[in-house]
file entry-v4.cif (mmCIF, C-alpha atoms and all ligand atoms)
data_entry
loop_
_atom_site.label_atom_id
_atom_site.label_comp_id
_atom_site.auth_asym_id
_atom_site.auth_seq_id
_atom_site.Cartn_x
_atom_site.Cartn_y
_atom_site.Cartn_z
CA MET A 1 85.46 114.99 97.33
CA ASP A 2 83.40 112.16 98.82
CA PHE A 3 85.23 109.42 100.65
CA SER A 4 84.97 106.80 97.90
CA ASP A 5 86.50 109.28 95.43
CA TYR A 6 89.21 110.05 97.98
CA LEU A 7 90.09 106.35 98.27
CA ARG A 8 90.09 105.88 94.50
CA THR A 9 92.37 108.88 93.99
CA LYS A 10 94.82 107.78 96.70
CA THR A 11 94.86 104.21 95.41
CA THR A 12 95.68 105.47 91.92
CA HIS A 13 98.57 107.56 93.30
CA LEU A 14 99.87 104.59 95.29
CA GLU A 15 99.73 102.20 92.36
CA PHE A 16 101.46 104.67 90.08
CA LYS A 17 104.25 105.07 92.63
CA LEU A 18 104.54 101.31 93.21
CA LYS A 19 105.04 100.77 89.47
CA GLU A 20 107.63 103.52 89.37
CA LEU A 21 109.49 102.03 92.34
CA VAL A 22 109.47 98.48 90.96
CA PRO A 23 110.26 98.83 87.25
CA GLU A 24 110.30 95.78 85.00
CA LYS A 25 114.04 96.01 84.21
CA LEU A 26 113.56 93.89 81.09
CA GLU A 27 117.26 94.12 80.23
CA ALA A 28 118.43 92.63 83.55
CA PRO A 29 119.52 88.96 83.37
CA TYR A 30 117.44 88.34 86.49
CA ASN A 31 114.38 90.19 85.16
CA GLN A 32 112.09 87.34 86.25
CA LEU A 33 112.57 88.66 89.78
CA PHE A 34 111.05 92.02 88.92
CA LYS A 35 108.35 90.38 86.83
CA ALA A 36 107.42 88.16 89.77
CA ALA A 37 107.48 91.05 92.27
CA ARG A 38 105.25 93.16 90.03
CA TYR A 39 102.89 90.25 89.47
CA ALA A 40 102.30 90.00 93.22
CA LEU A 41 102.39 93.73 93.91
CA MET A 42 100.18 94.96 91.08
CA SER A 43 97.41 92.38 91.21
CA GLY A 44 94.91 94.53 93.03
CA GLY A 45 95.13 94.36 96.82
CA LYS A 46 92.97 96.70 98.86
CA ARG A 47 96.06 98.82 99.74
CA LEU A 48 94.80 99.23 103.29
CA ARG A 49 98.14 99.69 104.97
CA PRO A 50 99.41 102.46 102.67
CA LEU A 51 95.96 104.08 102.74
CA LEU A 52 96.09 104.10 106.54
CA ALA A 53 99.51 105.75 106.45
CA LEU A 54 98.43 108.44 103.98
CA THR A 55 95.14 109.12 105.76
CA THR A 56 96.89 109.43 109.12
CA ALA A 57 99.53 111.84 107.79
CA GLU A 58 96.82 113.88 106.09
CA ALA A 59 94.80 114.04 109.32
CA PHE A 60 97.72 116.08 110.68
CA GLY A 61 97.63 118.35 107.63
CA ILE A 62 100.63 116.72 105.90
CA SER A 63 100.36 116.26 102.13
CA GLY A 64 99.90 112.65 101.05
CA GLU A 65 102.70 113.17 98.50
CA ILE A 66 105.23 113.39 101.34
CA ALA A 67 104.13 110.03 102.72
CA LEU A 68 103.77 108.23 99.37
CA SER A 69 107.08 106.32 99.20
CA ALA A 70 106.93 105.24 102.83
CA ALA A 71 103.34 104.08 102.26
CA CYS A 72 104.55 102.03 99.28
CA ALA A 73 107.22 100.46 101.49
CA LEU A 74 104.46 99.24 103.81
CA GLU A 75 102.64 97.67 100.86
CA MET A 76 105.87 95.95 99.75
CA VAL A 77 106.37 94.39 103.19
CA HIS A 78 102.73 93.35 103.31
CA THR A 79 102.84 91.82 99.82
CA TYR A 80 105.97 89.87 100.72
CA SER A 81 104.16 88.52 103.79
CA LEU A 82 101.29 87.32 101.59
CA ILE A 83 103.63 85.66 99.07
CA HIS A 84 105.34 83.68 101.82
CA ASP A 85 102.06 83.03 103.68
CA ASP A 86 100.69 81.23 100.59
CA LEU A 87 103.69 78.93 100.10
CA PRO A 88 103.14 75.16 100.38
CA CYS A 89 105.17 75.10 103.60
CA MET A 90 102.86 77.74 105.11
CA ASP A 91 99.11 77.98 104.29
CA ASP A 92 99.52 76.30 100.91
CA ASP A 93 97.02 78.51 99.11
CA ASP A 94 96.86 78.54 95.33
CA PHE A 95 95.08 81.86 94.81
CA ARG A 96 95.75 85.40 95.95
CA ARG A 97 94.17 88.66 94.89
CA GLY A 98 92.06 86.80 92.32
CA LYS A 99 94.99 85.20 90.52
CA PRO A 100 97.20 82.13 90.98
CA SER A 101 99.52 82.66 93.95
CA LEU A 102 103.04 83.68 93.03
CA HIS A 103 104.52 80.20 93.56
CA LYS A 104 101.87 78.85 91.14
CA ALA A 105 102.38 81.52 88.48
CA PHE A 106 106.19 81.29 88.77
CA THR A 107 108.11 78.78 90.90
CA GLU A 108 108.43 78.35 94.65
CA GLY A 109 111.99 79.60 94.40
CA HIS A 110 110.87 82.73 92.62
CA ALA A 111 108.16 83.28 95.23
CA VAL A 112 110.62 83.02 98.11
CA LEU A 113 113.06 85.34 96.38
CA ALA A 114 110.50 87.89 95.18
CA GLY A 115 109.27 88.06 98.79
CA ASP A 116 112.83 88.55 100.03
CA TYR A 117 113.35 91.26 97.43
CA LEU A 118 110.19 93.19 98.36
CA LEU A 119 111.09 93.05 102.04
CA THR A 120 114.64 94.28 101.66
CA TYR A 121 113.78 96.79 98.95
CA ALA A 122 111.17 98.38 101.23
CA PHE A 123 113.98 99.48 103.56
CA GLU A 124 115.95 100.91 100.63
CA VAL A 125 112.88 102.89 99.55
CA VAL A 126 112.60 104.49 102.99
CA ALA A 127 116.34 105.07 103.31
CA LYS A 128 116.50 107.03 100.03
CA ASP A 129 113.22 108.94 100.44
CA SER A 130 114.09 112.58 99.83
CA ASN A 131 110.79 113.80 101.32
CA LEU A 132 111.79 112.75 104.83
CA THR A 133 114.30 113.96 107.40
CA ALA A 134 117.09 111.65 108.60
CA GLU A 135 115.32 111.32 111.97
CA GLN A 136 112.06 110.35 110.33
CA LYS A 137 113.80 107.75 108.15
CA VAL A 138 115.54 106.12 111.12
CA ALA A 139 112.25 106.05 113.03
CA LEU A 140 110.44 104.52 110.04
CA ILE A 141 113.12 101.90 109.43
CA ASN A 142 113.00 100.95 113.10
CA LEU A 143 109.19 100.79 112.96
CA LEU A 144 109.13 98.65 109.80
CA ALA A 145 111.78 96.26 111.12
CA LYS A 146 110.13 95.81 114.49
CA SER A 147 106.58 95.43 113.26
CA SER A 148 107.42 92.98 110.48
CA GLY A 149 110.05 91.08 112.50
CA GLY A 150 110.29 88.54 115.28
CA GLU A 151 108.43 90.70 117.78
CA GLY A 152 105.76 91.45 115.18
CA MET A 153 104.43 89.81 112.03
CA ILE A 154 107.03 87.02 111.71
CA GLY A 155 106.61 86.09 115.38
CA GLY A 156 102.86 85.92 114.76
CA GLN A 157 103.29 83.73 111.69
CA VAL A 158 105.50 81.33 113.69
CA MET A 159 102.87 81.10 116.46
CA ASP A 160 100.21 80.64 113.76
CA ILE A 161 101.82 77.60 112.15
CA GLU A 162 102.75 76.11 115.50
CA ALA A 163 99.12 76.34 116.66
CA GLU A 164 97.84 74.37 113.65
CA GLY A 165 95.90 71.28 114.68
CA GLN A 166 95.48 72.50 118.24
CA THR A 167 92.59 74.08 120.06
CA ILE A 168 94.11 77.13 121.68
CA SER A 169 92.68 79.64 124.16
CA LEU A 170 91.12 82.90 123.00
CA ASP A 171 93.94 84.82 124.67
CA HIS A 172 96.52 82.80 122.74
CA LEU A 173 94.67 83.42 119.46
CA LYS A 174 94.41 87.15 120.23
CA HIS A 175 98.16 87.18 120.82
CA ILE A 176 98.76 85.49 117.43
CA HIS A 177 96.40 87.86 115.60
CA LYS A 178 97.92 90.95 117.20
CA HIS A 179 101.32 89.86 115.99
CA LYS A 180 100.68 88.35 112.57
CA THR A 181 98.29 91.07 111.38
CA GLY A 182 97.86 93.77 114.01
CA ALA A 183 101.52 94.75 114.11
CA MET A 184 101.63 95.86 110.46
CA ILE A 185 98.29 97.67 110.72
CA THR A 186 99.46 99.58 113.79
CA ALA A 187 102.76 100.29 112.02
CA SER A 188 100.89 101.76 109.04
CA ILE A 189 99.13 104.28 111.27
CA ALA A 190 102.31 104.97 113.25
CA CYS A 191 104.10 105.58 109.94
CA GLY A 192 101.69 108.45 109.24
CA GLY A 193 102.31 109.75 112.77
CA ILE A 194 106.10 109.71 112.31
CA ILE A 195 105.86 111.58 109.02
CA ALA A 196 103.60 114.17 110.68
CA ASP A 197 105.95 114.52 113.67
CA ALA A 198 103.16 113.49 116.05
CA THR A 199 103.83 114.06 119.74
CA PRO A 200 104.51 111.02 122.00
CA VAL A 201 100.98 111.33 123.41
CA GLN A 202 99.50 111.36 119.92
CA MET A 203 101.68 108.40 118.88
CA LYS A 204 100.42 106.40 121.84
CA LEU A 205 96.80 107.10 120.93
CA LEU A 206 97.45 106.29 117.26
CA CYS A 207 99.04 102.95 118.22
CA GLU A 208 96.15 102.08 120.55
CA PHE A 209 93.73 102.89 117.74
CA GLY A 210 95.82 100.71 115.36
CA ASP A 211 95.95 97.80 117.81
CA ASP A 212 92.16 97.70 118.01
CA ILE A 213 91.46 97.94 114.31
CA GLY A 214 94.30 95.53 113.51
CA LEU A 215 92.77 92.85 115.71
CA ALA A 216 89.28 93.61 114.37
CA PHE A 217 90.62 93.30 110.83
CA GLN A 218 92.04 89.81 111.43
CA ILE A 219 88.85 88.71 113.22
CA ILE A 220 86.91 89.65 110.10
CA ASP A 221 89.53 87.87 107.98
CA ASP A 222 88.68 84.74 110.01
CA VAL A 223 84.99 85.39 109.36
CA ILE A 224 85.60 85.78 105.64
CA ASP A 225 87.34 82.41 105.55
CA VAL A 226 84.00 80.78 106.30
CA THR A 227 81.45 83.17 104.82
CA ALA A 228 82.87 84.89 101.75
CA SER A 229 83.29 83.91 98.14
CA PHE A 230 86.42 83.57 96.07
CA GLN A 231 84.88 86.04 93.59
CA LYS A 232 84.73 88.77 96.22
CA HIS A 233 88.01 88.23 98.01
CA GLY A 234 90.17 86.55 95.39
CA LYS A 235 91.74 84.08 97.81
CA ALA A 236 91.09 80.53 98.89
CA ILE A 237 88.08 80.16 101.15
CA SER A 238 88.06 77.59 104.02
CA SER A 239 91.86 77.68 104.09
CA ASP A 240 91.77 77.92 107.91
CA SER A 241 89.63 74.83 108.39
CA ILE A 242 91.66 72.85 105.83
CA ASN A 243 94.79 73.79 107.79
CA ASN A 244 93.13 73.02 111.14
CA LYS A 245 93.60 76.53 112.49
CA SER A 246 91.84 77.88 115.52
CA THR A 247 90.14 81.14 114.54
CA TYR A 248 87.75 83.60 116.16
CA VAL A 249 84.96 81.73 114.40
CA THR A 250 85.96 78.27 115.64
CA LEU A 251 86.51 79.54 119.19
CA LEU A 252 83.59 81.95 119.56
CA GLY A 253 81.16 81.21 116.74
CA LEU A 254 80.30 83.38 113.75
CA GLU A 255 78.06 86.06 115.26
CA PRO A 256 80.11 86.57 118.46
CA ALA A 257 83.23 86.91 116.28
CA LYS A 258 81.57 89.65 114.22
CA GLN A 259 80.39 91.30 117.43
CA ALA A 260 83.94 91.25 118.86
CA ALA A 261 85.23 93.05 115.76
CA HIS A 262 82.42 95.60 115.99
CA GLU A 263 83.20 96.33 119.64
CA LEU A 264 86.89 96.81 118.85
CA LEU A 265 85.97 99.28 116.11
CA ILE A 266 83.85 101.32 118.52
CA ARG A 267 86.61 101.27 121.13
CA SER A 268 89.20 102.30 118.54
CA HIS A 269 87.20 105.40 117.66
CA LEU A 270 87.22 106.56 121.28
CA LYS A 271 91.02 106.78 121.02
CA LEU A 272 90.70 109.20 118.12
CA ASP A 273 88.57 111.60 120.18
CA ASP A 274 91.61 112.68 122.19
CA LEU A 275 93.97 113.19 119.26
CA GLN A 276 93.01 116.78 118.44
CA ILE A 277 93.42 116.33 114.71
CA ASP A 278 90.89 115.97 111.90
CA CYS A 279 90.14 112.24 112.11
CA ARG A 280 87.05 112.11 109.89
CA ARG A 281 88.72 110.14 107.09
CA LEU A 282 90.57 107.88 109.52
CA ARG A 283 87.25 107.00 111.16
CA GLU A 284 85.62 106.29 107.81
CA LEU A 285 88.56 104.22 106.54
CA SER A 286 88.74 102.13 109.71
CA LYS A 287 84.99 101.56 109.59
CA ARG A 288 85.18 100.40 106.01
CA LEU A 289 88.14 98.14 106.57
CA VAL A 290 86.50 96.40 109.51
CA LYS A 291 83.17 96.14 107.67
CA ARG A 292 85.07 95.21 104.48
CA GLU A 293 83.32 97.87 102.43
CA ILE A 294 86.49 98.62 100.53
C1 LIG A 301 95.33 89.72 104.00
O1 LIG A 301 95.44 91.10 104.05
C2 LIG A 301 96.17 89.09 105.05
C3 LIG A 301 95.82 89.50 106.40
C4 LIG A 301 96.67 90.06 107.18
C5 LIG A 301 94.49 89.26 106.92
P1 LIG A 301 94.50 92.01 103.16
O2 LIG A 301 93.08 91.55 103.31
O3 LIG A 301 94.78 93.43 103.45
O4 LIG A 301 94.99 91.62 101.68
P2 LIG A 301 95.11 92.49 100.35
O5 LIG A 301 96.34 93.33 100.49
O6 LIG A 301 93.88 93.33 100.19
O7 LIG A 301 95.26 91.47 99.25
C1 LIG A 302 98.06 86.16 107.25
O1 LIG A 302 96.97 85.68 107.90
C2 LIG A 302 98.81 87.14 107.98
C3 LIG A 302 100.06 87.49 107.26
C4 LIG A 302 101.05 87.94 107.91
C5 LIG A 302 100.21 87.34 105.83
P1 LIG A 302 96.11 84.68 107.02
O2 LIG A 302 96.88 83.49 106.61
O3 LIG A 302 94.81 84.47 107.71
O4 LIG A 302 95.85 85.60 105.71
P2 LIG A 302 95.08 85.12 104.41
O5 LIG A 302 93.71 84.70 104.88
O6 LIG A 302 95.88 84.01 103.81
O7 LIG A 302 95.01 86.35 103.55
MG MG A 303 98.47 82.43 107.34
MG MG A 304 96.94 82.57 104.67
MG MG A 305 92.94 84.36 106.70
#

call {"tool": "encode", "arguments": {"input": "entry-v4.cif", "output": "structure tokens"}}
result
Amino acid sequence: MDFSDYLRTKTTHLEFKLKELVPEKLEAPYNQLFKAARYALMSGGKRLRPLLALTTAEAFGISGEIALSAACALEMVHTYSLIHDDLPCMDDDDFRRGKPSLHKAFTEGHAVLAGDYLLTYAFEVVAKDSNLTAEQKVALINLLAKSSGGEGMIGGQVMDIEAEGQTISLDHLKHIHKHKTGAMITASIACGGIIADATPVQMKLLCEFGDDIGLAFQIIDDVIDVTASFQKHGKAISSDSINNKSTYVTLLGLEPAKQAAHELLIRSHLKLDDLQIDCRRLRELSKRLVKREI
């Protein structure tokens, strides 16, 4: 199967599982919650984080089926972060994944609560996953909590809004990017490692690989904010400049920003050389996600 077919097949499996995990529950008196969560979840993201988890587990010879629910939990946490990121009190963006943002399609209250639901439900999904051992579940819950929490994505989002309107140093921006975006990307790869019972040495290499591609991914997200079209990316363009954010593009310029992402991608692949597993798909996926050919 060529790599594009592989990605299509895995994405289909993931989306089927996401729908199964978040049913509409039409009979529930609070069914708007599930409707809102599905609206955000099923509106066509790239599914990078769950794809990274599945591809990593498979590189160790573990069936993707085993990792499917945990991969969906990653996508739930990510989708919640996008719902809250778009709120008027955050980036105030009206479009996401090609459609009105959740607070525009429903209400702000529903957007806050659907985000809360997806976050908390993600932990339930891992806790009740019958494919995993108790040790793996505890490790995954710890990983998800840490990478999405104060020391990870949330911490990054706080630093991001506090830096609005200021010109910050490149080191400060790198720190923000590593937290707000890198932490969940690294966690996605580490999730595959946990499910495959990777050794501590392998886990360290996987996390170093994740740190590099996570930063590269956010650098390219900064690039997209100035170069891409709404048609291609389905989200507001120029949001960063409207919100007076420092980005890799404002601090370095467009071409040096792209070059920085490229160098991180090359460095990330060196980490894979020492893993002693079949990393061909992981290399291809990381290349595509940094080049945005996905
Ligand atoms: C957008 O993430 C937010 C960032 C962390 C840069 P993605 O670009 O992965 O968004 P979706 O999931 O494909 O919509
Ligand atoms: C978002 O970064 C990171 C999150 C944790 C959601 P951005 O604010 O740059 O993401 P987009 O550009 O809105 O997707
Ligand atoms: Mg933001
Ligand atoms: Mg945003
Ligand atoms: Mg952005």

call {"tool": "closest_residue", "arguments": {"input": "entry-v4.cif", "among": "A:Thr9, A:Ser69, A:Ser4, A:Ser130", "to": "A:Leu21", "atoms": "only C-alpha atoms"}}
result
A:Ser69

call {"tool": "residues_near_point", "arguments": {"input": "entry-v4.cif", "point": "(108.3, 100.0, 89.3)", "cutoff": "10 Å", "atoms": "all atoms listed in the file", "output": "ChimeraX atom specification"}}
result
/A:15-25,34-35,37-38,41-42

call {"tool": "atom_distance", "arguments": {"input": "entry-v4.cif", "atom1": "atom CA of A:Arg292", "atom2": "atom CA of A:Asp86"}}
result
21.3 Å

call {"tool": "atom_distance", "arguments": {"input": "entry-v4.cif", "atom1": "atom CA of A:Ile195", "atom2": "atom CA of A:Ala57"}}
result
6.5 Å

call {"tool": "atom_distance", "arguments": {"input": "entry-v4.cif", "atom1": "atom CA of A:Met184", "atom2": "atom CA of A:Ser147"}}
result
5.7 Å

call {"tool": "residues_near_ligand", "arguments": {"input": "entry-v4.cif", "ligand": "ligand MG 303 (chain A)", "cutoff": "8 Å", "atoms": "only C-alpha atoms and all ligand atoms", "output": "VMD selection string"}}
result
chain A and resid 85 to 86 90 to 91 157 160 to 161

call {"tool": "closest_residue", "arguments": {"input": "entry-v4.cif", "among": "A:Ala257, A:Leu119, A:Ala134, A:Ile66", "to": "A:Phe217", "atoms": "all atoms listed in the file"}}
result
A:Ala257

call {"tool": "build_atoms", "arguments": {"input": "entry-v4.cif", "residues": "stretch 140-151 of chain A", "atoms": "all heavy atoms", "output": "PDB file, in the coordinates of the input"}}
result
ATOM      1  N   LEU A 140     111.268 105.381 110.901  1.00  0.00           N
ATOM      2  CA  LEU A 140     110.440 104.520 110.040  1.00  0.00           C
ATOM      3  C   LEU A 140     111.095 103.160 109.818  1.00  0.00           C
ATOM      4  O   LEU A 140     110.419 102.119 109.806  1.00  0.00           O
ATOM      5  CB  LEU A 140     110.191 105.205 108.692  1.00  0.00           C
ATOM      6  CG  LEU A 140     109.195 106.354 108.718  1.00  0.00           C
ATOM      7  CD1 LEU A 140     109.166 107.070 107.373  1.00  0.00           C
ATOM      8  CD2 LEU A 140     107.783 105.856 109.058  1.00  0.00           C
ATOM      9  N   ILE A 141     112.413 103.165 109.638  1.00  0.00           N
ATOM     10  CA  ILE A 141     113.120 101.900 109.430  1.00  0.00           C
ATOM     11  C   ILE A 141     113.001 101.027 110.689  1.00  0.00           C
ATOM     12  O   ILE A 141     112.721  99.827 110.611  1.00  0.00           O
ATOM     13  CB  ILE A 141     114.595 102.171 109.035  1.00  0.00           C
ATOM     14  CG1 ILE A 141     114.635 102.698 107.592  1.00  0.00           C
ATOM     15  CG2 ILE A 141     115.466 100.916 109.196  1.00  0.00           C
ATOM     16  CD1 ILE A 141     115.965 103.285 107.156  1.00  0.00           C
ATOM     17  N   ASN A 142     113.158 101.661 111.826  1.00  0.00           N
ATOM     18  CA  ASN A 142     113.000 100.950 113.100  1.00  0.00           C
ATOM     19  C   ASN A 142     111.577 100.385 113.219  1.00  0.00           C
ATOM     20  O   ASN A 142     111.377  99.209 113.576  1.00  0.00           O
ATOM     21  CB  ASN A 142     113.299 101.932 114.247  1.00  0.00           C
ATOM     22  CG  ASN A 142     113.328 101.253 115.589  1.00  0.00           C
ATOM     23  OD1 ASN A 142     113.812 100.133 115.720  1.00  0.00           O
ATOM     24  ND2 ASN A 142     112.775 101.900 116.593  1.00  0.00           N
ATOM     25  N   LEU A 143     110.605 101.209 112.882  1.00  0.00           N
ATOM     26  CA  LEU A 143     109.190 100.790 112.960  1.00  0.00           C
ATOM     27  C   LEU A 143     108.914  99.606 112.031  1.00  0.00           C
ATOM     28  O   LEU A 143     108.302  98.605 112.428  1.00  0.00           O
ATOM     29  CB  LEU A 143     108.304 101.975 112.562  1.00  0.00           C
ATOM     30  CG  LEU A 143     106.801 101.705 112.455  1.00  0.00           C
ATOM     31  CD1 LEU A 143     106.165 101.662 113.847  1.00  0.00           C
ATOM     32  CD2 LEU A 143     106.110 102.783 111.622  1.00  0.00           C
ATOM     33  N   LEU A 144     109.374  99.726 110.786  1.00  0.00           N
ATOM     34  CA  LEU A 144     109.130  98.650 109.800  1.00  0.00           C
ATOM     35  C   LEU A 144     109.783  97.356 110.240  1.00  0.00           C
ATOM     36  O   LEU A 144     109.194  96.271 110.142  1.00  0.00           O
ATOM     37  CB  LEU A 144     109.728  99.049 108.440  1.00  0.00           C
ATOM     38  CG  LEU A 144     108.833  99.608 107.357  1.00  0.00           C
ATOM     39  CD1 LEU A 144     109.623  99.752 106.071  1.00  0.00           C
ATOM     40  CD2 LEU A 144     107.606  98.725 107.114  1.00  0.00           C
ATOM     41  N   ALA A 145     111.036  97.458 110.718  1.00  0.00           N
ATOM     42  CA  ALA A 145     111.780  96.260 111.120  1.00  0.00           C
ATOM     43  C   ALA A 145     111.101  95.582 112.305  1.00  0.00           C
ATOM     44  O   ALA A 145     110.894  94.363 112.312  1.00  0.00           O
ATOM     45  CB  ALA A 145     113.221  96.629 111.467  1.00  0.00           C
ATOM     46  N   LYS A 146     110.738  96.390 113.285  1.00  0.00           N
ATOM     47  CA  LYS A 146     110.130  95.810 114.490  1.00  0.00           C
ATOM     48  C   LYS A 146     108.764  95.199 114.206  1.00  0.00           C
ATOM     49  O   LYS A 146     108.446  94.102 114.665  1.00  0.00           O
ATOM     50  CB  LYS A 146     109.969  96.883 115.576  1.00  0.00           C
ATOM     51  CG  LYS A 146     111.225  97.092 116.387  1.00  0.00           C
ATOM     52  CD  LYS A 146     110.947  97.935 117.581  1.00  0.00           C
ATOM     53  CE  LYS A 146     110.957  97.078 118.820  1.00  0.00           C
ATOM     54  NZ  LYS A 146     111.221  97.874 120.029  1.00  0.00           N
ATOM     55  N   SER A 147     107.948  95.910 113.439  1.00  0.00           N
ATOM     56  CA  SER A 147     106.580  95.430 113.260  1.00  0.00           C
ATOM     57  C   SER A 147     106.509  94.245 112.302  1.00  0.00           C
ATOM     58  O   SER A 147     105.603  93.411 112.419  1.00  0.00           O
ATOM     59  CB  SER A 147     105.664  96.561 112.797  1.00  0.00           C
ATOM     60  OG  SER A 147     106.221  97.168 111.671  1.00  0.00           O
ATOM     61  N   SER A 148     107.459  94.141 111.385  1.00  0.00           N
ATOM     62  CA  SER A 148     107.420  92.980 110.480  1.00  0.00           C
ATOM     63  C   SER A 148     108.277  91.836 110.999  1.00  0.00           C
ATOM     64  O   SER A 148     108.226  90.729 110.460  1.00  0.00           O
ATOM     65  CB  SER A 148     107.905  93.383 109.071  1.00  0.00           C
ATOM     66  OG  SER A 148     109.257  93.770 109.110  1.00  0.00           O
ATOM     67  N   GLY A 149     109.052  92.060 112.059  1.00  0.00           N
ATOM     68  CA  GLY A 149     110.050  91.080 112.500  1.00  0.00           C
ATOM     69  C   GLY A 149     109.576  90.099 113.558  1.00  0.00           C
ATOM     70  O   GLY A 149     108.381  89.828 113.705  1.00  0.00           O
ATOM     71  N   GLY A 150     110.557  89.588 114.303  1.00  0.00           N
ATOM     72  CA  GLY A 150     110.290  88.540 115.280  1.00  0.00           C
ATOM     73  C   GLY A 150     109.329  88.946 116.374  1.00  0.00           C
ATOM     74  O   GLY A 150     108.567  88.126 116.895  1.00  0.00           O
ATOM     75  N   GLU A 151     109.346  90.224 116.738  1.00  0.00           N
ATOM     76  CA  GLU A 151     108.430  90.700 117.780  1.00  0.00           C
ATOM     77  C   GLU A 151     107.084  91.132 117.174  1.00  0.00           C
ATOM     78  O   GLU A 151     106.212  91.622 117.872  1.00  0.00           O
ATOM     79  CB  GLU A 151     109.029  91.902 118.533  1.00  0.00           C
ATOM     80  CG  GLU A 151     110.378  91.647 119.181  1.00  0.00           C
ATOM     81  CD  GLU A 151     110.289  90.591 120.275  1.00  0.00           C
ATOM     82  OE1 GLU A 151     109.279  90.567 120.994  1.00  0.00           O
ATOM     83  OE2 GLU A 151     111.228  89.779 120.378  1.00  0.00           O
TER      84      GLU A 151
END
